[in-house]
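Visitor: Please read through the structure below; I'll follow up with questions.
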Amino acid sequence: MKLPELRQEIDKLDRQIVALLHERASLVHQVGLIKQDSQSPIFVPEREADLYRKIADLNGGKLPEGSLRAIYREIISCSFSLEGGFKVAYLGPAGTWSHQASLKQFGSSVELMPMHGFAAVFDAVERHEADYGVIPIENSTGGSVTDAMDLFIGTTLNICAQIQLRICNCLLGNIRLEEIKTLYSHPQVLLQCRQWIRNNFPMADLVETSSTTAAAQIAVEKASEGAAALGGALAAELFGLQILESNIQDKASNTTRFAIIGHQKTQPTGNDRTSLCFTVRHTAGSLVSVLEKFKQYGISLLRIESRPSKIIDWEYVFYVDAAGHAEQEPLKTCLDEVADHCSILKVFGSYPEATSLC
Ligand SMILES: O=C(O)C(=O)C[C@]1(C(=O)O)C=C[C@@H](O)C=C1
């Protein structure tokens, strides 16, 4: 086919695609009315996991799975607003990795609320000022986001979904490389780029900031003093900074896992993860007896770490991610039995395991 004919065919398909999108939107509108009547949530992570799985199974053409997911992300984002819309709080200001994660998770048709700090994100959701919050939990290079982890203990909110985001850090600044004296960034990003900093700027002062956006702002304001920031391309775009070098994280596959927190509980999908924490009594073998329960029920532990309890000195809280759903066997009975060996056992939530990177 020649170019004009190909374009004619594309126009024909576009007419069909738009008609089908309208047809889908009118079904979604009806779903929204049913949800309004039953006061059930607009965002349904278990249904989305099922939908993305079906789309991946259907995909046999030229479109990469990631592209198809991104298209559906926006289609579903429109559904959110067709069903009445909702608000999402994240660690601001605009341009942070949490901002990017929120856009990847919910698309561009939801109202995003930048907050000052993780506690403010929890607070906004707890007070129903926002419907969901986006909180980074761990990074594949830098490890746990400890300030965020501590907040899960005191909240009544649930983790209802998760999203993984590939983090590509850049050196941002409006000065020449040899003029750089101070590097500003969020502590997590400084950790992710530790080796690169040592190799390239061994003499630079490192200054921690509350977010990568705050670092970008300082790089603008203090450029004449030799300031540069480490952050994402979105921060560079928002602050008019040049990307002096990109992909500076020590591990190319640098990925952060974010939790979506809210008031609702997510139903089992058959491929779920449960996040929880527990404390054990100070008796010999008490931690082993908990771990043995998971072994007895054949439950795989995807993550385990300890943090000071901050209530009693030298008492620790163990944070665990386990494969499975807390309301489904075998994890359900396993957790009932684990509770007998713990002074505290708190389930933060069960949610679909991420199927692919966004
Ligand atoms: O199935 C639903 O509950 C819907 O509201 C529809 C829909 C969609 O667009 O497919 C929209 C939002 C939900 O998170 C899941 C799916």
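Identifiers in the structure tokens: chain A, B, ... in order shown; residue index from 1 per chain; ligand index from 1 in order shown.
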Could the residues that lie within 6 Å of ligand 1, counting only C-alpha atoms and all ligand atoms, be listed as a list in words?

Guide: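 Using only C-alpha atoms and all ligand atoms, everything at most 6 Å from ligand 1 comes to Val28, Val31, Ile42, Phe43, Val44, Pro45, Arg47, Glu48, Ile76, Ser79 and Phe80 of chain A.
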
Visitor: Now that the selection is made, can you save its residues with N, CA and C atoms as a PDB file, in the first residue's frame?

Guide:
ATOM      1  N   VAL A  28     -18.715   1.829  31.473  1.00  0.00           N
ATOM      2  CA  VAL A  28     -18.033   2.249  32.703  1.00  0.00           C
ATOM      3  C   VAL A  28     -18.938   3.197  33.495  1.00  0.00           C
ATOM      4  N   VAL A  31     -21.255   1.166  35.396  1.00  0.00           N
ATOM      5  CA  VAL A  31     -20.555   0.566  36.550  1.00  0.00           C
ATOM      6  C   VAL A  31     -20.466   1.612  37.665  1.00  0.00           C
ATOM      7  N   ILE A  42     -14.157   3.342  43.552  1.00  0.00           N
ATOM      8  CA  ILE A  42     -13.991   3.507  42.100  1.00  0.00           C
ATOM      9  C   ILE A  42     -12.775   2.716  41.622  1.00  0.00           C
ATOM     10  N   PHE A  43     -11.704   2.822  42.377  1.00  0.00           N
ATOM     11  CA  PHE A  43     -10.448   2.139  42.020  1.00  0.00           C
ATOM     12  C   PHE A  43     -10.498   0.706  42.552  1.00  0.00           C
ATOM     13  N   VAL A  44     -10.396  -0.268  41.636  1.00  0.00           N
ATOM     14  CA  VAL A  44     -10.490  -1.673  42.043  1.00  0.00           C
ATOM     15  C   VAL A  44      -9.230  -2.407  41.567  1.00  0.00           C
ATOM     16  N   PRO A  45      -8.185  -2.440  42.409  1.00  0.00           N
ATOM     17  CA  PRO A  45      -6.902  -3.017  41.970  1.00  0.00           C
ATOM     18  C   PRO A  45      -7.018  -4.465  41.488  1.00  0.00           C
ATOM     19  N   ARG A  47      -9.543  -5.943  39.985  1.00  0.00           N
ATOM     20  CA  ARG A  47     -10.123  -5.969  38.634  1.00  0.00           C
ATOM     21  C   ARG A  47      -9.071  -5.500  37.612  1.00  0.00           C
ATOM     22  N   GLU A  48      -8.286  -4.507  37.993  1.00  0.00           N
ATOM     23  CA  GLU A  48      -7.257  -4.004  37.072  1.00  0.00           C
ATOM     24  C   GLU A  48      -6.188  -5.063  36.818  1.00  0.00           C
ATOM     25  N   ILE A  76      -8.210   3.673  31.653  1.00  0.00           N
ATOM     26  CA  ILE A  76      -8.778   3.431  32.991  1.00  0.00           C
ATOM     27  C   ILE A  76      -8.789   4.728  33.801  1.00  0.00           C
ATOM     28  N   SER A  79     -11.806   6.332  33.079  1.00  0.00           N
ATOM     29  CA  SER A  79     -12.908   5.671  33.795  1.00  0.00           C
ATOM     30  C   SER A  79     -13.058   6.268  35.191  1.00  0.00           C
ATOM     31  N   PHE A  80     -11.904   6.514  35.852  1.00  0.00           N
ATOM     32  CA  PHE A  80     -11.969   7.077  37.209  1.00  0.00           C
ATOM     33  C   PHE A  80     -12.785   8.366  37.195  1.00  0.00           C
TER      34      PHE A  80
END

Visitor: With distances taken over only C-alpha atoms, which residue among A:Pro93, A:Gly85, A:Pro4, A:Gly173 lies nearest Gln242 in chain A?

Guide: A:Gly173

Visitor: For Trp97 in chain A, please output as a PyMOL selection string all residues within 8 Å (counting only C-alpha atoms; exclusion window: fewer than 3 positions along the same chain).

Guide: chain A and resi 100-101+167+212+232

Visitor: Only C-alpha atoms, please: the residues just picked out, written as a short mmCIF file (atom, residue, chain, number, x, y, z; two decimals), in the first residue's frame.

Guide:
data_model
loop_
_atom_site.label_atom_id
_atom_site.label_comp_id
_atom_site.auth_asym_id
_atom_site.auth_seq_id
_atom_site.Cartn_x
_atom_site.Cartn_y
_atom_site.Cartn_z
CA GLN A 100 5.93 10.07 38.57
CA ALA A 101 4.80 6.92 40.36
CA ILE A 167 14.40 5.11 38.63
CA THR A 212 14.61 15.69 44.53
CA GLY A 232 14.79 12.79 37.53
#

Visitor: So which bits of range 26-112 of chain A end up strand (DSSP E or B) when you DSSP the backbone, as a list in words?

Guide: Lys87, Val88, Ala89, Tyr90, Leu91, Glu111 and Leu112 of chain A

Visitor: Since we have the selection now, will you write its residues out, keeping N, CA and C atoms, as a PDB file, in the first residue's frame?

Guide:
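Below is the file result.pdb, written as the result:
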ATOM      1  N   LYS A  87      -8.986  11.713  44.605  1.00  0.00           N
ATOM      2  CA  LYS A  87      -7.761  12.487  44.836  1.00  0.00           C
ATOM      3  C   LYS A  87      -6.642  11.579  45.359  1.00  0.00           C
ATOM      4  N   VAL A  88      -5.432  11.879  44.921  1.00  0.00           N
ATOM      5  CA  VAL A  88      -4.282  11.072  45.312  1.00  0.00           C
ATOM      6  C   VAL A  88      -3.192  11.974  45.897  1.00  0.00           C
ATOM      7  N   ALA A  89      -2.770  11.666  47.142  1.00  0.00           N
ATOM      8  CA  ALA A  89      -1.717  12.460  47.799  1.00  0.00           C
ATOM      9  C   ALA A  89      -0.363  11.778  47.596  1.00  0.00           C
ATOM     10  N   TYR A  90       0.673  12.569  47.379  1.00  0.00           N
ATOM     11  CA  TYR A  90       2.027  12.016  47.208  1.00  0.00           C
ATOM     12  C   TYR A  90       3.040  12.992  47.794  1.00  0.00           C
ATOM     13  N   LEU A  91       4.277  12.516  47.978  1.00  0.00           N
ATOM     14  CA  LEU A  91       5.332  13.388  48.493  1.00  0.00           C
ATOM     15  C   LEU A  91       5.728  14.384  47.410  1.00  0.00           C
ATOM     16  N   GLU A 111      -6.992  13.765  40.386  1.00  0.00           N
ATOM     17  CA  GLU A 111      -6.462  14.985  40.999  1.00  0.00           C
ATOM     18  C   GLU A 111      -5.300  14.616  41.918  1.00  0.00           C
ATOM     19  N   LEU A 112      -4.113  15.142  41.621  1.00  0.00           N
ATOM     20  CA  LEU A 112      -2.940  14.815  42.440  1.00  0.00           C
ATOM     21  C   LEU A 112      -2.678  15.918  43.457  1.00  0.00           C
TER      22      LEU A 112
END

Visitor: Determine, counting only C-alpha atoms, which protein, DNA and RNA residues have an atom within 12 Å of an atom of Gln36 in chain A; residues of the same chain fewer than 4 positions away are not included. Present the result as a PyMOL selection string.

Guide: chain A and resi 29-32+40-42+82-85

Visitor: Go ahead and save the residues from that selection, with N, CA and C atoms, as an mmCIF file, in the first residue's frame.

Guide:
data_model
loop_
_atom_site.group_PDB
_atom_site.id
_atom_site.type_symbol
_atom_site.label_atom_id
_atom_site.label_comp_id
_atom_site.auth_asym_id
_atom_site.auth_seq_id
_atom_site.Cartn_x
_atom_site.Cartn_y
_atom_site.Cartn_z
ATOM 1 N N HIS A 29 -19.637 4.064 32.770
ATOM 2 C CA HIS A 29 -20.552 5.001 33.438
ATOM 3 C C HIS A 29 -21.612 4.223 34.238
ATOM 4 N N GLN A 30 -22.137 3.134 33.625
ATOM 5 C CA GLN A 30 -23.132 2.312 34.329
ATOM 6 C C GLN A 30 -22.522 1.645 35.560
ATOM 7 N N VAL A 31 -21.255 1.166 35.396
ATOM 8 C CA VAL A 31 -20.555 0.566 36.550
ATOM 9 C C VAL A 31 -20.466 1.612 37.665
ATOM 10 N N GLY A 32 -20.165 2.843 37.274
ATOM 11 C CA GLY A 32 -20.030 3.943 38.244
ATOM 12 C C GLY A 32 -21.319 4.163 39.020
ATOM 13 N N SER A 40 -19.309 1.580 46.799
ATOM 14 C CA SER A 40 -18.053 0.825 46.681
ATOM 15 C C SER A 40 -17.011 1.661 45.925
ATOM 16 N N PRO A 41 -15.730 1.324 46.127
ATOM 17 C CA PRO A 41 -14.671 2.191 45.589
ATOM 18 C C PRO A 41 -14.596 2.207 44.061
ATOM 19 N N ILE A 42 -14.157 3.342 43.552
ATOM 20 C CA ILE A 42 -13.991 3.507 42.100
ATOM 21 C C ILE A 42 -12.775 2.716 41.622
ATOM 22 N N LEU A 82 -14.929 9.347 34.869
ATOM 23 C CA LEU A 82 -16.319 9.062 34.474
ATOM 24 C C LEU A 82 -17.146 8.566 35.663
ATOM 25 N N GLU A 83 -16.463 7.890 36.612
ATOM 26 C CA GLU A 83 -17.187 7.342 37.764
ATOM 27 C C GLU A 83 -17.220 8.329 38.941
ATOM 28 N N GLY A 84 -16.734 9.533 38.733
ATOM 29 C CA GLY A 84 -16.836 10.538 39.797
ATOM 30 C C GLY A 84 -15.512 11.112 40.247
ATOM 31 N N GLY A 85 -14.402 10.420 39.925
ATOM 32 C CA GLY A 85 -13.073 10.939 40.223
ATOM 33 C C GLY A 85 -12.636 10.764 41.669
#

Visitor: Pick out the residues sitting within 12 Å of Gln264 in chain A, and hand them over as an MDAnalysis selection string; count only C-alpha atoms, and ignore anything fewer than 2 positions along from it in its own chain.

Guide: chainID A and resid 39:46 125:126 131:132 156:161 260:262 266:267 348:351

Visitor: Which residue gives the smallest distance to Ser224 in chain A among A:Ile180, A:Val110, A:Leu331, A:Ile153, with only C-alpha atoms counted?

Guide: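 Using only C-alpha atoms, the shortest distance to Ser224 in chain A belongs to A:Ile180.
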
Visitor: Have a look at A:Pro136, A:Leu241, A:His128, A:Cys170 and name the one nearest to Ile218 in chain A; count only C-alpha atoms.

Guide: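 Checking each candidate against Ile218 in chain A, we get A:Leu241 as the closest.
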
Visitor: Between A:Asn174, A:Ser210, A:Ser286, A:Gln249, which one has atoms that come closest to Lys222 in chain A, using only C-alpha atoms?

Guide: A:Asn174

Visitor: If we count only C-alpha atoms and set the cut-off at 12 Å, which residues sit around Trp196 in chain A, ignoring sequence neighbours fewer than 2 positions away in its own chain? Please answer as a ChimeraX atom specification.

Guide: /A:169-171,189-194,198-202,230,245-252

Visitor: Between CA of Ala120 in chain A and CA of Ser98 in chain A, what is the spacing in Å?

Guide: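 CA of Ser98 in chain A sits 13.6 Å away from CA of Ala120 in chain A.
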
Visitor: Report as a PDB file with N, CA and C atoms, in the first residue's frame all protein, DNA and RNA residues lying within 10 Å of Val280 in chain A, evaluated on only C-alpha atoms, omitting residues in the same chain fewer than 3 positions from it.

Guide:
ATOM      1  N   THR A 283      12.449 -14.263  74.056  1.00  0.00           N
ATOM      2  CA  THR A 283      12.755 -15.609  74.543  1.00  0.00           C
ATOM      3  C   THR A 283      13.502 -16.343  73.444  1.00  0.00           C
ATOM      4  N   GLY A 285      14.604 -18.506  70.603  1.00  0.00           N
ATOM      5  CA  GLY A 285      13.918 -19.224  69.524  1.00  0.00           C
ATOM      6  C   GLY A 285      12.589 -18.624  69.112  1.00  0.00           C
ATOM      7  N   SER A 286      12.195 -17.461  69.669  1.00  0.00           N
ATOM      8  CA  SER A 286      10.852 -16.944  69.329  1.00  0.00           C
ATOM      9  C   SER A 286      10.759 -16.517  67.858  1.00  0.00           C
ATOM     10  N   LEU A 287      11.836 -15.940  67.321  1.00  0.00           N
ATOM     11  CA  LEU A 287      11.795 -15.546  65.904  1.00  0.00           C
ATOM     12  C   LEU A 287      11.767 -16.790  65.023  1.00  0.00           C
ATOM     13  N   VAL A 288      12.560 -17.793  65.428  1.00  0.00           N
ATOM     14  CA  VAL A 288      12.591 -19.037  64.642  1.00  0.00           C
ATOM     15  C   VAL A 288      11.196 -19.665  64.596  1.00  0.00           C
ATOM     16  N   SER A 289      10.467 -19.646  65.731  1.00  0.00           N
ATOM     17  CA  SER A 289       9.139 -20.296  65.701  1.00  0.00           C
ATOM     18  C   SER A 289       8.203 -19.576  64.735  1.00  0.00           C
ATOM     19  N   VAL A 290       8.336 -18.260  64.594  1.00  0.00           N
ATOM     20  CA  VAL A 290       7.493 -17.544  63.621  1.00  0.00           C
ATOM     21  C   VAL A 290       7.885 -17.959  62.205  1.00  0.00           C
ATOM     22  N   GLU A 315      14.159  -3.342  71.423  1.00  0.00           N
ATOM     23  CA  GLU A 315      13.091  -4.229  70.932  1.00  0.00           C
ATOM     24  C   GLU A 315      12.903  -3.904  69.455  1.00  0.00           C
ATOM     25  N   TYR A 316      12.702  -4.942  68.663  1.00  0.00           N
ATOM     26  CA  TYR A 316      12.667  -4.744  67.214  1.00  0.00           C
ATOM     27  C   TYR A 316      11.336  -5.136  66.612  1.00  0.00           C
ATOM     28  N   VAL A 317      11.004  -4.440  65.515  1.00  0.00           N
ATOM     29  CA  VAL A 317       9.830  -4.816  64.737  1.00  0.00           C
ATOM     30  C   VAL A 317      10.366  -5.486  63.470  1.00  0.00           C
ATOM     31  N   PHE A 318       9.792  -6.633  63.121  1.00  0.00           N
ATOM     32  CA  PHE A 318      10.183  -7.313  61.890  1.00  0.00           C
ATOM     33  C   PHE A 318       9.148  -7.004  60.818  1.00  0.00           C
ATOM     34  N   ALA A 339       0.400 -15.444  64.981  1.00  0.00           N
ATOM     35  CA  ALA A 339      -0.018 -14.473  66.005  1.00  0.00           C
ATOM     36  C   ALA A 339       0.244 -14.999  67.413  1.00  0.00           C
ATOM     37  N   ASP A 340       0.134 -16.332  67.615  1.00  0.00           N
ATOM     38  CA  ASP A 340       0.367 -16.923  68.941  1.00  0.00           C
ATOM     39  C   ASP A 340       1.807 -16.723  69.408  1.00  0.00           C
ATOM     40  N   HIS A 341       2.725 -16.525  68.474  1.00  0.00           N
ATOM     41  CA  HIS A 341       4.147 -16.389  68.835  1.00  0.00           C
ATOM     42  C   HIS A 341       4.605 -14.934  68.883  1.00  0.00           C
ATOM     43  N   CYS A 342       3.671 -13.995  68.647  1.00  0.00           N
ATOM     44  CA  CYS A 342       4.061 -12.578  68.542  1.00  0.00           C
ATOM     45  C   CYS A 342       3.411 -11.745  69.639  1.00  0.00           C
ATOM     46  N   SER A 343       4.109 -10.669  70.058  1.00  0.00           N
ATOM     47  CA  SER A 343       3.433  -9.736  70.971  1.00  0.00           C
ATOM     48  C   SER A 343       2.551  -8.798  70.146  1.00  0.00           C
ATOM     49  N   ILE A 344       2.997  -8.460  68.949  1.00  0.00           N
ATOM     50  CA  ILE A 344       2.174  -7.648  68.036  1.00  0.00           C
ATOM     51  C   ILE A 344       2.262  -8.282  66.651  1.00  0.00           C
ATOM     52  N   LEU A 345       1.120  -8.363  65.961  1.00  0.00           N
ATOM     53  CA  LEU A 345       1.125  -8.771  64.555  1.00  0.00           C
ATOM     54  C   LEU A 345       0.169  -7.836  63.838  1.00  0.00           C
TER      55      LEU A 345
END

Visitor: Among range 160-277 of chain A, which ones does DSSP assign to helix (DSSP H, G or I) (computed from the backbone)? Answer as a ChimeraX atom specification.

Guide: /A:177-179,187-192,194-200,212-221,223-225,233-239

Visitor: For the residues in the current selection, export C-alpha atoms as a PDB file, in the first residue's frame.

Guide:
ATOM      1  CA  LEU A 177      30.827  19.985  35.392  1.00  0.00           C
ATOM      2  CA  GLU A 178      34.112  21.488  36.658  1.00  0.00           C
ATOM      3  CA  GLU A 179      32.188  24.249  38.511  1.00  0.00           C
ATOM      4  CA  PRO A 187      19.123  10.740  50.859  1.00  0.00           C
ATOM      5  CA  GLN A 188      17.723   7.731  48.937  1.00  0.00           C
ATOM      6  CA  VAL A 189      19.030   9.111  45.635  1.00  0.00           C
ATOM      7  CA  LEU A 190      22.454   9.892  47.152  1.00  0.00           C
ATOM      8  CA  LEU A 191      22.556   6.236  48.278  1.00  0.00           C
ATOM      9  CA  GLN A 192      21.552   4.979  44.830  1.00  0.00           C
ATOM     10  CA  ARG A 194      27.072   6.527  45.882  1.00  0.00           C
ATOM     11  CA  GLN A 195      29.653   4.841  43.638  1.00  0.00           C
ATOM     12  CA  TRP A 196      29.108   7.279  40.781  1.00  0.00           C
ATOM     13  CA  ILE A 197      29.596  10.241  43.153  1.00  0.00           C
ATOM     14  CA  ARG A 198      32.774   8.685  44.557  1.00  0.00           C
ATOM     15  CA  ASN A 199      34.160   8.163  41.034  1.00  0.00           C
ATOM     16  CA  ASN A 200      33.130  11.506  39.560  1.00  0.00           C
ATOM     17  CA  THR A 212      14.614  15.686  44.527  1.00  0.00           C
ATOM     18  CA  THR A 213      12.449  18.664  43.527  1.00  0.00           C
ATOM     19  CA  ALA A 214      13.777  20.678  46.495  1.00  0.00           C
ATOM     20  CA  ALA A 215      17.286  19.766  45.302  1.00  0.00           C
ATOM     21  CA  ALA A 216      16.468  20.949  41.761  1.00  0.00           C
ATOM     22  CA  GLN A 217      15.209  24.258  43.132  1.00  0.00           C
ATOM     23  CA  ILE A 218      18.480  24.786  45.050  1.00  0.00           C
ATOM     24  CA  ALA A 219      20.455  23.921  41.892  1.00  0.00           C
ATOM     25  CA  VAL A 220      18.645  26.817  40.182  1.00  0.00           C
ATOM     26  CA  GLU A 221      19.002  29.280  43.070  1.00  0.00           C
ATOM     27  CA  ALA A 223      24.099  27.783  40.591  1.00  0.00           C
ATOM     28  CA  SER A 224      26.646  30.589  41.076  1.00  0.00           C
ATOM     29  CA  GLU A 225      27.842  28.831  44.273  1.00  0.00           C
ATOM     30  CA  ALA A 233      14.190  14.220  34.071  1.00  0.00           C
ATOM     31  CA  LEU A 234      10.770  15.537  35.180  1.00  0.00           C
ATOM     32  CA  ALA A 235      12.454  17.774  37.822  1.00  0.00           C
ATOM     33  CA  ALA A 236      14.858  19.073  35.127  1.00  0.00           C
ATOM     34  CA  GLU A 237      11.922  19.913  32.864  1.00  0.00           C
ATOM     35  CA  LEU A 238       9.930  21.656  35.620  1.00  0.00           C
ATOM     36  CA  PHE A 239      12.884  23.800  36.773  1.00  0.00           C
TER      37      PHE A 239
END

Visitor: Have a look at A:Leu172, A:Arg166, A:Gly324, A:Glu23 and name the one nearest to Gly240 in chain A; count only C-alpha atoms.

Guide: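 Closest to Gly240 in chain A, using only C-alpha atoms: A:Leu172.
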
Visitor: Could you tell me which of A:Ala124, A:Tyr184, A:Arg7, A:Ala130 comes closest to Thr155 in chain A if we count only C-alpha atoms?

Guide: A:Ala124
